[in-house]
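Visitor: The following block contains the structure, expressed as structure tokens.
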There are 2 protein chains.
Amino acid sequence: MKRILIIGGGFAGVYAARQLVRRLNSGDFEVELFSERNYFVFQPLLPEVAGGTINSQDAVAPLRALLPGVRVREATVFKVDFERREVGYVHGLRRRPLLRTYDHLVLATGQTARLEQFPGFEAHSLAMRDLSDAYRLRNQVIGCLELAEATEIETIRQEALTFVVVGGGFSGVETMGELVELVRRACKSYPSISPEKIRFVLIHRGSRLLPELPAQLGEYAYKHFERNGVEVKLGTSVEGASMNRVRTHVNHFIDCRTLVNTVGSGPTKFTESLTLQMLRNRIETDAMLRVVDKNNVWSLGDIAAVPMGNGEWTPPTAQFAIRQAKLLATNIHNLESNQPLERFRHSPIGTMASLGNYRAVASIGRFNFQGLCAWLLWRSFYIALLPGFSTRLRVALNWLFDYFLPRNLVHMSESRYGGCRTRRYETGDKLFLEGHFLDGLYTVIRGRLLFEGKGLDGTPFAQEVGPGEHCGEWLLEQGDITTARLSALETTEVLVMDSSDFRLLRSNLRGFDQILKASDPPE
Amino acid sequence: MKRILIIGGGFAGVYAARQLVRRLNSGDFEVELFSERNYFVFQPLLPEVAGGTINSQDAVAPLRALLPGVRVREATVFKVDFERREVGYVHGLRRRPLLRTYDHLVLATGQTARLEQFPGFEAHSLAMRDLSDAYRLRNQVIGCLELAEATEIETIRQEALTFVVVGGGFSGVETMGELVELVRRACKSYPSISPEKIRFVLIHRGSRLLPELPAQLGEYAYKHFERNGVEVKLGTSVEGASMNRVRTHVNHFIDCRTLVNTVGSGPTKFTESLTLQMLRNRIETDAMLRVVDKNNVWSLGDIAAVPMGNGEWTPPTAQFAIRQAKLLATNIHNLESNQPLERFRHSPIGTMASLGNYRAVASIGRFNFQGLCAWLLWRSFYIALLPGFSTRLRVALNWLFDYFLPRNLVHMSESRYGGCRTRRYETGDKLFLEGHFLDGLYTVIRGRLLFEGKGLDGTPFAQEVGPGEHCGEWLLEQGDITTARLSALETTEVLVMDSSDFRLLRSNLRGFDQILKASDPPE
């Protein structure tokens with residue numbers, strides 16, 4: 001019995017597994033799929049989850065239910081030995097590494113956020129890739145409305161009411177559409193928020209929105225957003241983000257507490273570790289989906305650069321992944337039965353994007369649609385594409401209810417927010433002020449901070465804090481309310497250790513308080 | 001204009017706010033409610049959320065929608081100054097402490113888990129109090145099924161398939177009922193799990209289940225569980241929990257990966273900090289709901305010990321909280337209009353508990369119901385009690401769908417699990433083994449560990465690790481796969497710092513690697 005291992009549980013991996021089970025004789029082949037999640041994410045619906053139009057559980061489907069006949073492993077693959085034809089993996093809850101040999105290996109590892117070129121984005125921007133991202137964005141938005149309702153400080157209110165999305169492709173446009181709807185509908189529950197204070201900014205590097213669609217539709221999207229009070233900044237790229245601000249390439253700062261980023265994709269660290277031949281950050285394959293220079297290794301989906309024959313490579317969309325999955329099954333079948341392999345050939349049927357507020361744009365064959373009719377088309381199309389009857393029914397009902405029921409504005413704060421996280425500040429930013437509650441121990445990674453205020457005995461002090469140095473330890477001891485302030489003297493990256501973790505380490509790890517001596521209050 | 005501040009957003013706080021707005025003249029009074037969450041949790045439905053019968057969002061309702069006319073503050077109150085009649089609070093996302101004065105203060109702070117008497121429960125048991133608890137239990141159960149499906153080690157599979165609930169009151173019984181249904185329905189998707197391997201254990205200190213209900217119904221619940229394969233251990237109390245085990249008072253160990261605890265309640269730390277006169281861990285009030293020895297301070301709900309006139313105090317149930325809320329509004333109104341205050345008087349209407357699998361028990365007036373008819377009664381009752389039409393509709397549809405649609409088995413692993421956490425181990429427990437991936441730096445809080453294996457140069461070593469000492473640092477450097485093992489020589493509590501946090505501190509906090517020298521591989 002031959003074994004086909006698939007790595008990845010997105011559109012490419014799931015459809016490949018389905019097609020393989022369908023095409024191959026189950027007595028001769030076994031198909032196993034490795035995914036870090038036990039569920040499939042229907043990514044095009046994530047903005048709707050973030051917006052609260054549909055329930056989070058309805059944009060996903062358990063892989064086991066989707067893939068009868070496939071052995072699903074919720075596991076992280078950490079290595080591939082192409083010589084010995086085996087993969088090393090570790091199960092989610094476990095720590096024991098295991099090995100599995102293969103006859104065919106299918107790499108459908110997709111793309112992930114690669115934010116090296118955007119300093120501060122890792123720490124201060126939200127993504128729109130996984131279910132947890134959608135969930136987090138929704139909570140972030142509701143948290144900002146709560147903050148705007150509560151605060152008496154005008155600048156903080158304005159920051160809280162500014163929502164920035166980076167990227168004018170499908171994901172960015174659909175996310176902005178849903179964000180606008182969510183905020184506009186939600187703010188009725190917050191009597192002290194005046195709607196005209198709310199600011200939406202869509203930042204896009206290109207000269208028009210939705211570059212994948214005909215120019216006319218990008219133009220329509222632009223006008224739709226302008227009408228709905230969204231500032232669309234075309235030809236603008238982002239240079240970096242810090243706590244509560246984003247900086248554009250013209251050194252313009254936008255103060256905001258919510259920054260969603262939909263650009264900057266690349267291979268996962270695991271894919272990189274395979275040291276395969278790459279082409280524009282994707283795994284290079286031939287037209288038959290075989291990975292260059294490897295035997296019995298295939299790749300498809302977003303991570304694969306598959307030549308289309310016209311000098312171009314397949315774009316990273318679900319539509320192409322699904323078509324490639326069919327070809328993959330055919331080619332593995334043909335190879336095993338000594339028939340010639342086929343080449344990838346596909347002309348896209350159509351593409352569409354929802355703009356929110358019952359509007360969408362769609363390009364199908366040679367026809368363009370926009371407005372309500374495109375929106376109805378968009379909804380029907382996605383209902384049809386959803387996996388499984390029960391999900392379809394649920395999503396349809398969600399959409400129906402959305403017309404006449406209020407949206408749920410539950411603010412699920414993250415239950416546990418311990419550990420160390422990095423933050424980035426621009427010159428002049430205040431990290432904390434006198435009288436604030438202190439949330440942790442601050443260590444400078446790079447840059448320079450100014451720490452000033454009153455010591456334990458009331459004596460004023462001021463000192464610079466540089467890389468490797470920390471501050472705040474004696475303030476945490478004092479009962480959390482600070483008598484000092486900390487501000488950034490230049491662009492500074494800081495490591496913040498949660499105060500509860502700090503206390504646990506301080507009282508349990510011998511020697512830990514020795515290294516803290518340095519920051520005792522100046523005498 | 002007089003101001004009434006309510007602290008707490010559970011049944012007591014929410015119903016008090018509603019009744020006050022209804023009773024008092026809105027021109028003369030303003031009502032403000034402080035809650036750490038911006039939503040109300042319909043606690044009786046949490047087991048259903050954990051079981052997946054209803055969507056998590058449908059067991060909650062946003063406070064702002066529930067409380068028109070009330071100023072809702074999503075904030076943490078950290079102090080009360082009874083002399084100056086003011087509270088200090090801080091908003092969720094903010095760090096600046098604020099003050100608010102009051103004319104009347106209503107303490108509806110409820111109870112929280114107080115697990116001091118159960119060593120290891122803090123670290124290793126799940127609760128059933130908040131929405132996040134239900135969510136976590138559900139993920140834990142699905143994670144265990146994934147593990148059982150994946151593992152080749154029989155003892156681990158058995159641990160993963162053992163589900164223990166502590167407490168035979170409403171919450172424990174309903175949670176067990178839902179757990180059984182969830183696991184039985186889910187395990188069909190896991191072909192390698194044989195249903196007879198699955199073990200459910202319900203541990204209860206008392207001599208019969210559901211002590212709040214007539215004996216006959218407790219007996220029915222017992223038989224129902226026995227028929228459904230649940231081991232009910234009456235007259236059994238728990239002594240402590242460790243990683244993967246729970247210990248009963250007769251020193252009997254039950255190996256399990258899922259432990260739900262529904263016992264051990266007490267006041268929150270904030271309530272304790274008020275230094276009010278307490279009675280059996282609750283705030284003592286008079287029959288008019290006034291807190292003893294305080295002026296214009298009232299208390300109701302689970303946290304209030306309200307005399308019933310018959311020598312007993314009101315039990316901590318939603319029913320009593322709702323009745324007390326009415327009295328509270330009356331009494332504040334009467335006090336302000338110089339009328340005599342009324343005393344609390346209420347005989348409970350009825351109580352019921354769902355057992356899962358379409359069965360429930362109910363005691364209404366002098367009548368007892370059990371089985372399917374009690375279950376239908378239970379569902380209708382809760383539908384009626386749910387706040388808001390849209391939630392009612394959604395829950396009803398969820399229940400309806402549950403009959404003919406499969407349950408969603410999505411395993412949402414916690415997106416970020418950094419920071420320090422404590423773990424408890426019993427003598428002989430292995431913390432990690434050679435060849436495992438290491439997840440963090442281990443520091444002993446109390447107890448003793450044995451660290452043995454091979455050093456960097458292959459030389460065998462064995463050393464004891466005591467309080468304040470740590471180990472694993474050089475293993476983490478080596479690339480995470482261990483060449484040593486760590487086991488407990490006695491009952492030991494350990495602080496585990498996540499490996500990613502460890503690396504952040506090591507490379508950024510000056511002096512941190514000095515204290516790690518102690519654990520360099522022995523030469």
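Labels for the structure tokens follow display order: chains A, B, ..., residues from 1 in each chain, ligands from 1.
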So which residues touch stretch 23-28 of chain A within 9 Å, counting only C-alpha atoms, skipping near sequence neighbours fewer than 2 positions away, as an mmCIF file with N, CA, C and O atoms, in the first residue's frame?

Guide:
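So the final result, stored in out-v4.cif, reads:
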```cif
data_model
loop_
_atom_site.group_PDB
_atom_site.id
_atom_site.type_symbol
_atom_site.label_atom_id
_atom_site.label_comp_id
_atom_site.auth_asym_id
_atom_site.auth_seq_id
_atom_site.Cartn_x
_atom_site.Cartn_y
_atom_site.Cartn_z
ATOM 1 N N MET A 1 0.847 -1.196 0.000
ATOM 2 C CA MET A 1 0.000 0.000 0.000
ATOM 3 C C MET A 1 0.882 1.245 0.000
ATOM 4 O O MET A 1 1.762 1.409 0.835
ATOM 5 N N LYS A 2 0.625 2.139 -0.955
ATOM 6 C CA LYS A 2 1.444 3.349 -1.041
ATOM 7 C C LYS A 2 0.812 4.481 -0.235
ATOM 8 O O LYS A 2 -0.408 4.544 -0.093
ATOM 9 N N ARG A 3 1.688 5.340 0.267
ATOM 10 C CA ARG A 3 1.191 6.389 1.155
ATOM 11 C C ARG A 3 1.480 7.777 0.583
ATOM 12 O O ARG A 3 2.609 8.099 0.222
ATOM 13 N N ARG A 18 -9.211 15.361 -1.092
ATOM 14 C CA ARG A 18 -10.505 14.893 -1.620
ATOM 15 C C ARG A 18 -10.357 14.272 -3.003
ATOM 16 O O ARG A 18 -10.911 13.209 -3.286
ATOM 17 N N GLN A 19 -9.629 14.969 -3.870
ATOM 18 C CA GLN A 19 -9.483 14.491 -5.239
ATOM 19 C C GLN A 19 -8.688 13.192 -5.278
ATOM 20 O O GLN A 19 -8.987 12.290 -6.055
ATOM 21 N N LEU A 20 -7.685 13.103 -4.414
ATOM 22 C CA LEU A 20 -6.868 11.891 -4.398
ATOM 23 C C LEU A 20 -7.694 10.690 -3.959
ATOM 24 O O LEU A 20 -7.617 9.618 -4.557
ATOM 25 N N VAL A 21 -8.494 10.877 -2.936
ATOM 26 C CA VAL A 21 -9.340 9.779 -2.465
ATOM 27 C C VAL A 21 -10.320 9.370 -3.557
ATOM 28 O O VAL A 21 -10.612 8.184 -3.757
ATOM 29 N N GLU A 30 -3.041 5.067 0.603
ATOM 30 C CA GLU A 30 -3.644 5.741 1.745
ATOM 31 C C GLU A 30 -3.212 7.207 1.710
ATOM 32 O O GLU A 30 -2.077 7.525 1.352
ATOM 33 N N VAL A 31 -4.170 8.076 2.042
ATOM 34 C CA VAL A 31 -3.910 9.512 1.992
ATOM 35 C C VAL A 31 -3.942 10.049 3.417
ATOM 36 O O VAL A 31 -4.904 9.814 4.149
ATOM 37 N N GLY A 69 -12.255 9.065 4.621
ATOM 38 C CA GLY A 69 -11.287 8.248 3.877
ATOM 39 C C GLY A 69 -9.870 8.772 3.953
ATOM 40 O O GLY A 69 -8.933 8.131 3.480
ATOM 41 N N ALA A 329 -4.277 15.089 -8.506
ATOM 42 C CA ALA A 329 -4.814 13.727 -8.404
ATOM 43 C C ALA A 329 -4.625 13.000 -9.723
ATOM 44 O O ALA A 329 -4.206 11.835 -9.765
ATOM 45 N N THR A 330 -4.918 13.684 -10.819
ATOM 46 C CA THR A 330 -4.732 13.079 -12.137
ATOM 47 C C THR A 330 -3.276 12.676 -12.342
ATOM 48 O O THR A 330 -2.975 11.555 -12.771
ATOM 49 N N ILE A 332 -0.775 12.183 -10.144
ATOM 50 C CA ILE A 332 -0.268 11.083 -9.300
ATOM 51 C C ILE A 332 -0.845 9.760 -9.809
ATOM 52 O O ILE A 332 -0.134 8.758 -9.917
ATOM 53 N N HIS A 333 -2.099 9.795 -10.183
ATOM 54 C CA HIS A 333 -2.728 8.598 -10.765
ATOM 55 C C HIS A 333 -2.002 8.180 -12.033
ATOM 56 O O HIS A 333 -1.641 7.008 -12.219
#
```

Visitor: Check every residue of chain B for an atom within 6 Å of chain A, counting only C-alpha atoms, and provide those that qualify as a PDB file with all heavy atoms, in the first residue's frame.

Guide:
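Output file part.pdb is given in full below:
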```
ATOM      1  N   ASN B  38     -18.265  43.527  29.278  1.00  0.00           N
ATOM      2  CA  ASN B  38     -19.339  44.366  28.763  1.00  0.00           C
ATOM      3  C   ASN B  38     -20.579  43.542  28.441  1.00  0.00           C
ATOM      4  O   ASN B  38     -21.486  44.005  27.793  1.00  0.00           O
ATOM      5  CB  ASN B  38     -18.879  45.205  27.559  1.00  0.00           C
ATOM      6  CG  ASN B  38     -18.982  44.488  26.235  1.00  0.00           C
ATOM      7  OD1 ASN B  38     -19.077  43.268  26.190  1.00  0.00           O
ATOM      8  ND2 ASN B  38     -18.961  45.243  25.153  1.00  0.00           N
ATOM      9  N   TYR B  39     -20.607  42.298  28.912  1.00  0.00           N
ATOM     10  CA  TYR B  39     -21.751  41.437  28.616  1.00  0.00           C
ATOM     11  C   TYR B  39     -22.205  40.674  29.857  1.00  0.00           C
ATOM     12  O   TYR B  39     -21.455  40.499  30.810  1.00  0.00           O
ATOM     13  CB  TYR B  39     -21.402  40.448  27.506  1.00  0.00           C
ATOM     14  CG  TYR B  39     -20.194  39.589  27.797  1.00  0.00           C
ATOM     15  CD1 TYR B  39     -20.338  38.343  28.380  1.00  0.00           C
ATOM     16  CD2 TYR B  39     -18.905  40.028  27.523  1.00  0.00           C
ATOM     17  CE1 TYR B  39     -19.242  37.555  28.663  1.00  0.00           C
ATOM     18  CE2 TYR B  39     -17.800  39.244  27.800  1.00  0.00           C
ATOM     19  CZ  TYR B  39     -17.983  38.013  28.378  1.00  0.00           C
ATOM     20  OH  TYR B  39     -16.892  37.237  28.671  1.00  0.00           O
ATOM     21  N   PRO B  62     -24.983  41.626  25.436  1.00  0.00           N
ATOM     22  CA  PRO B  62     -24.256  42.855  25.776  1.00  0.00           C
ATOM     23  C   PRO B  62     -25.024  43.656  26.826  1.00  0.00           C
ATOM     24  O   PRO B  62     -26.239  43.844  26.703  1.00  0.00           O
ATOM     25  CB  PRO B  62     -24.210  43.625  24.455  1.00  0.00           C
ATOM     26  CG  PRO B  62     -24.585  42.663  23.393  1.00  0.00           C
ATOM     27  CD  PRO B  62     -25.414  41.604  24.039  1.00  0.00           C
ATOM     28  N   ARG B  95      -5.018  52.481  31.754  1.00  0.00           N
ATOM     29  CA  ARG B  95      -4.241  52.276  32.962  1.00  0.00           C
ATOM     30  C   ARG B  95      -4.370  53.426  33.938  1.00  0.00           C
ATOM     31  O   ARG B  95      -3.730  53.463  34.952  1.00  0.00           O
ATOM     32  CB  ARG B  95      -2.780  52.058  32.580  1.00  0.00           C
ATOM     33  CG  ARG B  95      -2.596  50.757  31.836  1.00  0.00           C
ATOM     34  CD  ARG B  95      -1.182  50.625  31.354  1.00  0.00           C
ATOM     35  NE  ARG B  95      -0.854  51.665  30.409  1.00  0.00           N
ATOM     36  CZ  ARG B  95       0.369  51.866  29.924  1.00  0.00           C
ATOM     37  NH1 ARG B  95       1.359  51.113  30.319  1.00  0.00           N
ATOM     38  NH2 ARG B  95       0.602  52.805  29.041  1.00  0.00           N
ATOM     39  N   ARG B  96      -5.229  54.408  33.607  1.00  0.00           N
ATOM     40  CA  ARG B  96      -5.339  55.583  34.463  1.00  0.00           C
ATOM     41  C   ARG B  96      -6.461  55.372  35.478  1.00  0.00           C
ATOM     42  O   ARG B  96      -7.611  55.179  35.096  1.00  0.00           O
ATOM     43  CB  ARG B  96      -5.650  56.810  33.601  1.00  0.00           C
ATOM     44  CG  ARG B  96      -5.332  58.130  34.263  1.00  0.00           C
ATOM     45  CD  ARG B  96      -5.269  59.222  33.212  1.00  0.00           C
ATOM     46  NE  ARG B  96      -6.550  59.411  32.552  1.00  0.00           N
ATOM     47  CZ  ARG B  96      -7.429  60.350  32.913  1.00  0.00           C
ATOM     48  NH1 ARG B  96      -7.168  61.167  33.889  1.00  0.00           N
ATOM     49  NH2 ARG B  96      -8.558  60.473  32.261  1.00  0.00           N
ATOM     50  N   LEU B 409     -16.813  20.237  15.543  1.00  0.00           N
ATOM     51  CA  LEU B 409     -15.692  19.735  16.341  1.00  0.00           C
ATOM     52  C   LEU B 409     -14.413  20.513  16.084  1.00  0.00           C
ATOM     53  O   LEU B 409     -13.329  19.957  16.067  1.00  0.00           O
ATOM     54  CB  LEU B 409     -15.468  18.263  16.021  1.00  0.00           C
ATOM     55  CG  LEU B 409     -16.669  17.396  16.348  1.00  0.00           C
ATOM     56  CD1 LEU B 409     -16.409  15.982  15.945  1.00  0.00           C
ATOM     57  CD2 LEU B 409     -16.961  17.486  17.837  1.00  0.00           C
ATOM     58  N   VAL B 410     -14.567  21.804  15.886  1.00  0.00           N
ATOM     59  CA  VAL B 410     -13.405  22.629  15.618  1.00  0.00           C
ATOM     60  C   VAL B 410     -12.564  22.766  16.887  1.00  0.00           C
ATOM     61  O   VAL B 410     -13.086  23.053  17.952  1.00  0.00           O
ATOM     62  CB  VAL B 410     -13.859  24.015  15.111  1.00  0.00           C
ATOM     63  CG1 VAL B 410     -12.737  25.008  15.174  1.00  0.00           C
ATOM     64  CG2 VAL B 410     -14.397  23.868  13.715  1.00  0.00           C
ATOM     65  N   HIS B 411     -11.299  22.528  16.754  1.00  0.00           N
ATOM     66  CA  HIS B 411     -10.389  22.622  17.893  1.00  0.00           C
ATOM     67  C   HIS B 411      -9.604  23.926  17.809  1.00  0.00           C
ATOM     68  O   HIS B 411      -8.655  24.033  17.066  1.00  0.00           O
ATOM     69  CB  HIS B 411      -9.425  21.424  17.871  1.00  0.00           C
ATOM     70  CG  HIS B 411      -8.475  21.399  19.028  1.00  0.00           C
ATOM     71  ND1 HIS B 411      -7.197  20.929  18.939  1.00  0.00           N
ATOM     72  CD2 HIS B 411      -8.632  21.790  20.311  1.00  0.00           C
ATOM     73  CE1 HIS B 411      -6.608  21.038  20.111  1.00  0.00           C
ATOM     74  NE2 HIS B 411      -7.448  21.549  20.952  1.00  0.00           N
ATOM     75  N   GLY B 418       2.022  32.073  25.972  1.00  0.00           N
ATOM     76  CA  GLY B 418       3.309  32.427  26.538  1.00  0.00           C
ATOM     77  C   GLY B 418       3.204  32.633  28.033  1.00  0.00           C
ATOM     78  O   GLY B 418       2.196  32.333  28.659  1.00  0.00           O
ATOM     79  N   GLY B 419       4.265  33.158  28.585  1.00  0.00           N
ATOM     80  CA  GLY B 419       4.245  33.509  29.985  1.00  0.00           C
ATOM     81  C   GLY B 419       4.631  32.381  30.904  1.00  0.00           C
ATOM     82  O   GLY B 419       5.055  31.322  30.483  1.00  0.00           O
ATOM     83  N   CYS B 420       4.469  32.646  32.187  1.00  0.00           N
ATOM     84  CA  CYS B 420       4.823  31.669  33.204  1.00  0.00           C
ATOM     85  C   CYS B 420       3.559  31.015  33.727  1.00  0.00           C
ATOM     86  O   CYS B 420       2.553  31.680  33.933  1.00  0.00           O
ATOM     87  CB  CYS B 420       5.514  32.374  34.365  1.00  0.00           C
ATOM     88  SG  CYS B 420       7.073  33.126  33.903  1.00  0.00           S
ATOM     89  N   HIS B 436      12.124  14.337  23.791  1.00  0.00           N
ATOM     90  CA  HIS B 436      10.954  15.213  23.703  1.00  0.00           C
ATOM     91  C   HIS B 436      11.367  16.624  23.274  1.00  0.00           C
ATOM     92  O   HIS B 436      12.504  17.027  23.479  1.00  0.00           O
ATOM     93  CB  HIS B 436      10.273  15.329  25.063  1.00  0.00           C
ATOM     94  CG  HIS B 436       9.361  14.187  25.353  1.00  0.00           C
ATOM     95  ND1 HIS B 436       8.532  14.163  26.428  1.00  0.00           N
ATOM     96  CD2 HIS B 436       9.151  13.032  24.696  1.00  0.00           C
ATOM     97  CE1 HIS B 436       7.839  13.046  26.438  1.00  0.00           C
ATOM     98  NE2 HIS B 436       8.200  12.334  25.397  1.00  0.00           N
ATOM     99  N   PHE B 437      10.389  17.345  22.753  1.00  0.00           N
ATOM    100  CA  PHE B 437      10.564  18.773  22.580  1.00  0.00           C
ATOM    101  C   PHE B 437      10.407  19.428  23.946  1.00  0.00           C
ATOM    102  O   PHE B 437       9.497  19.102  24.695  1.00  0.00           O
ATOM    103  CB  PHE B 437       9.487  19.343  21.650  1.00  0.00           C
ATOM    104  CG  PHE B 437       9.850  19.239  20.222  1.00  0.00           C
ATOM    105  CD1 PHE B 437       9.389  18.182  19.458  1.00  0.00           C
ATOM    106  CD2 PHE B 437      10.659  20.178  19.638  1.00  0.00           C
ATOM    107  CE1 PHE B 437       9.721  18.080  18.125  1.00  0.00           C
ATOM    108  CE2 PHE B 437      11.009  20.080  18.310  1.00  0.00           C
ATOM    109  CZ  PHE B 437      10.537  19.035  17.547  1.00  0.00           C
ATOM    110  N   ILE B 445       9.278  25.554  42.576  1.00  0.00           N
ATOM    111  CA  ILE B 445       8.705  26.455  43.588  1.00  0.00           C
ATOM    112  C   ILE B 445       8.808  25.783  44.958  1.00  0.00           C
ATOM    113  O   ILE B 445       9.321  26.344  45.910  1.00  0.00           O
ATOM    114  CB  ILE B 445       7.239  26.804  43.251  1.00  0.00           C
ATOM    115  CG1 ILE B 445       7.183  27.543  41.916  1.00  0.00           C
ATOM    116  CG2 ILE B 445       6.611  27.621  44.372  1.00  0.00           C
ATOM    117  CD1 ILE B 445       5.790  27.821  41.416  1.00  0.00           C
ATOM    118  N   GLY B 468      13.790  27.266  44.034  1.00  0.00           N
ATOM    119  CA  GLY B 468      14.573  28.396  43.539  1.00  0.00           C
ATOM    120  C   GLY B 468      15.511  27.997  42.419  1.00  0.00           C
ATOM    121  O   GLY B 468      16.006  28.851  41.698  1.00  0.00           O
ATOM    122  N   ASP B 501       9.382  33.055  25.545  1.00  0.00           N
ATOM    123  CA  ASP B 501       9.651  34.131  26.499  1.00  0.00           C
ATOM    124  C   ASP B 501      11.069  34.028  27.031  1.00  0.00           C
ATOM    125  O   ASP B 501      11.761  35.032  27.209  1.00  0.00           O
ATOM    126  CB  ASP B 501       8.670  34.062  27.673  1.00  0.00           C
ATOM    127  CG  ASP B 501       7.313  34.588  27.287  1.00  0.00           C
ATOM    128  OD1 ASP B 501       7.184  35.094  26.159  1.00  0.00           O
ATOM    129  OD2 ASP B 501       6.385  34.483  28.094  1.00  0.00           O
ATOM    130  N   ASN B 508      17.585  39.782  25.566  1.00  0.00           N
ATOM    131  CA  ASN B 508      17.357  41.216  25.727  1.00  0.00           C
ATOM    132  C   ASN B 508      17.564  41.781  27.130  1.00  0.00           C
ATOM    133  O   ASN B 508      17.912  42.946  27.264  1.00  0.00           O
ATOM    134  CB  ASN B 508      15.948  41.572  25.247  1.00  0.00           C
ATOM    135  CG  ASN B 508      15.802  41.374  23.763  1.00  0.00           C
ATOM    136  OD1 ASN B 508      16.536  41.946  22.983  1.00  0.00           O
ATOM    137  ND2 ASN B 508      14.876  40.519  23.360  1.00  0.00           N
ATOM    138  N   LEU B 509      17.330  40.977  28.139  1.00  0.00           N
ATOM    139  CA  LEU B 509      17.465  41.510  29.502  1.00  0.00           C
ATOM    140  C   LEU B 509      18.879  41.254  30.010  1.00  0.00           C
ATOM    141  O   LEU B 509      19.253  40.109  30.259  1.00  0.00           O
ATOM    142  CB  LEU B 509      16.426  40.862  30.428  1.00  0.00           C
ATOM    143  CG  LEU B 509      16.479  41.265  31.901  1.00  0.00           C
ATOM    144  CD1 LEU B 509      16.241  42.751  32.090  1.00  0.00           C
ATOM    145  CD2 LEU B 509      15.444  40.471  32.696  1.00  0.00           C
ATOM    146  N   ARG B 510      19.658  42.310  30.155  1.00  0.00           N
ATOM    147  CA  ARG B 510      21.054  42.173  30.552  1.00  0.00           C
ATOM    148  C   ARG B 510      21.145  41.500  31.914  1.00  0.00           C
ATOM    149  O   ARG B 510      20.422  41.846  32.830  1.00  0.00           O
ATOM    150  CB  ARG B 510      21.696  43.555  30.605  1.00  0.00           C
ATOM    151  CG  ARG B 510      23.194  43.522  30.792  1.00  0.00           C
ATOM    152  CD  ARG B 510      23.739  44.922  30.897  1.00  0.00           C
ATOM    153  NE  ARG B 510      23.550  45.677  29.662  1.00  0.00           N
ATOM    154  CZ  ARG B 510      23.698  47.004  29.598  1.00  0.00           C
ATOM    155  NH1 ARG B 510      23.981  47.709  30.670  1.00  0.00           N
ATOM    156  NH2 ARG B 510      23.529  47.615  28.456  1.00  0.00           N
ATOM    157  N   GLY B 511      22.018  40.540  32.027  1.00  0.00           N
ATOM    158  CA  GLY B 511      22.222  39.864  33.309  1.00  0.00           C
ATOM    159  C   GLY B 511      21.400  38.589  33.442  1.00  0.00           C
ATOM    160  O   GLY B 511      21.657  37.766  34.307  1.00  0.00           O
ATOM    161  N   ILE B 515      22.182  34.330  35.709  1.00  0.00           N
ATOM    162  CA  ILE B 515      21.517  33.484  36.703  1.00  0.00           C
ATOM    163  C   ILE B 515      21.243  32.096  36.146  1.00  0.00           C
ATOM    164  O   ILE B 515      20.852  31.194  36.869  1.00  0.00           O
ATOM    165  CB  ILE B 515      20.194  34.106  37.198  1.00  0.00           C
ATOM    166  CG1 ILE B 515      19.233  34.319  36.039  1.00  0.00           C
ATOM    167  CG2 ILE B 515      20.441  35.414  37.897  1.00  0.00           C
ATOM    168  CD1 ILE B 515      17.875  34.773  36.498  1.00  0.00           C
TER     169      ILE B 515
END
```

Visitor: Would you list, as JSON, numbers by chain, the residues of stretch 238-293 of chain B that end up in alpha helix (DSSP H) under DSSP run on this structure's backbone?

Guide: {"B": [269, 270, 271, 272, 273]}

Visitor: Write out as a PyMOL selection string the residues lying within 10 Å of stretch 219-228 of chain B, counting only C-alpha atoms and excluding same-chain residues fewer than 6 positions away.

Guide: chain B and resi 168+173+176-177+180-181+200-202+208-210+234+353-357+359-361+370-371

Visitor: Find the residues near A:Gly88: any atom within 12 Å, counting only C-alpha atoms, skip ones fewer than 5 places away on the same chain, and give them as a JSON list (two decimals) with C-alpha atoms, in the first residue's frame.

Guide:
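Here's the written file part-v5.json:
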```
[["chain", "number", "residue", "atom", "x", "y", "z"],
["A", 5, "LEU", "CA", 1.28, 12.62, 2.71],
["A", 7, "ILE", "CA", 1.12, 18.95, 4.41],
["A", 34, "PHE", "CA", -1.14, 17.01, 8.28],
["A", 75, "ALA", "CA", 0.16, 17.96, 13.99],
["A", 76, "THR", "CA", 3.07, 20.23, 13.21],
["A", 77, "VAL", "CA", 5.50, 18.91, 10.65],
["A", 78, "PHE", "CA", 8.98, 20.14, 11.56],
["A", 79, "LYS", "CA", 11.19, 18.42, 9.03],
["A", 80, "VAL", "CA", 11.23, 16.50, 5.77],
["A", 81, "ASP", "CA", 13.98, 14.06, 4.83],
["A", 82, "PHE", "CA", 13.70, 13.89, 1.04],
["A", 96, "ARG", "CA", 7.27, 13.49, 21.33],
["A", 97, "PRO", "CA", 8.57, 13.82, 17.75],
["A", 98, "LEU", "CA", 7.38, 11.09, 15.37],
["A", 99, "LEU", "CA", 8.34, 9.98, 11.86],
["A", 100, "ARG", "CA", 6.22, 8.95, 8.89],
["A", 101, "THR", "CA", 7.45, 7.71, 5.53],
["A", 102, "TYR", "CA", 5.81, 8.59, 2.23],
["A", 270, "PHE", "CA", 8.95, 25.50, 7.84]]
```
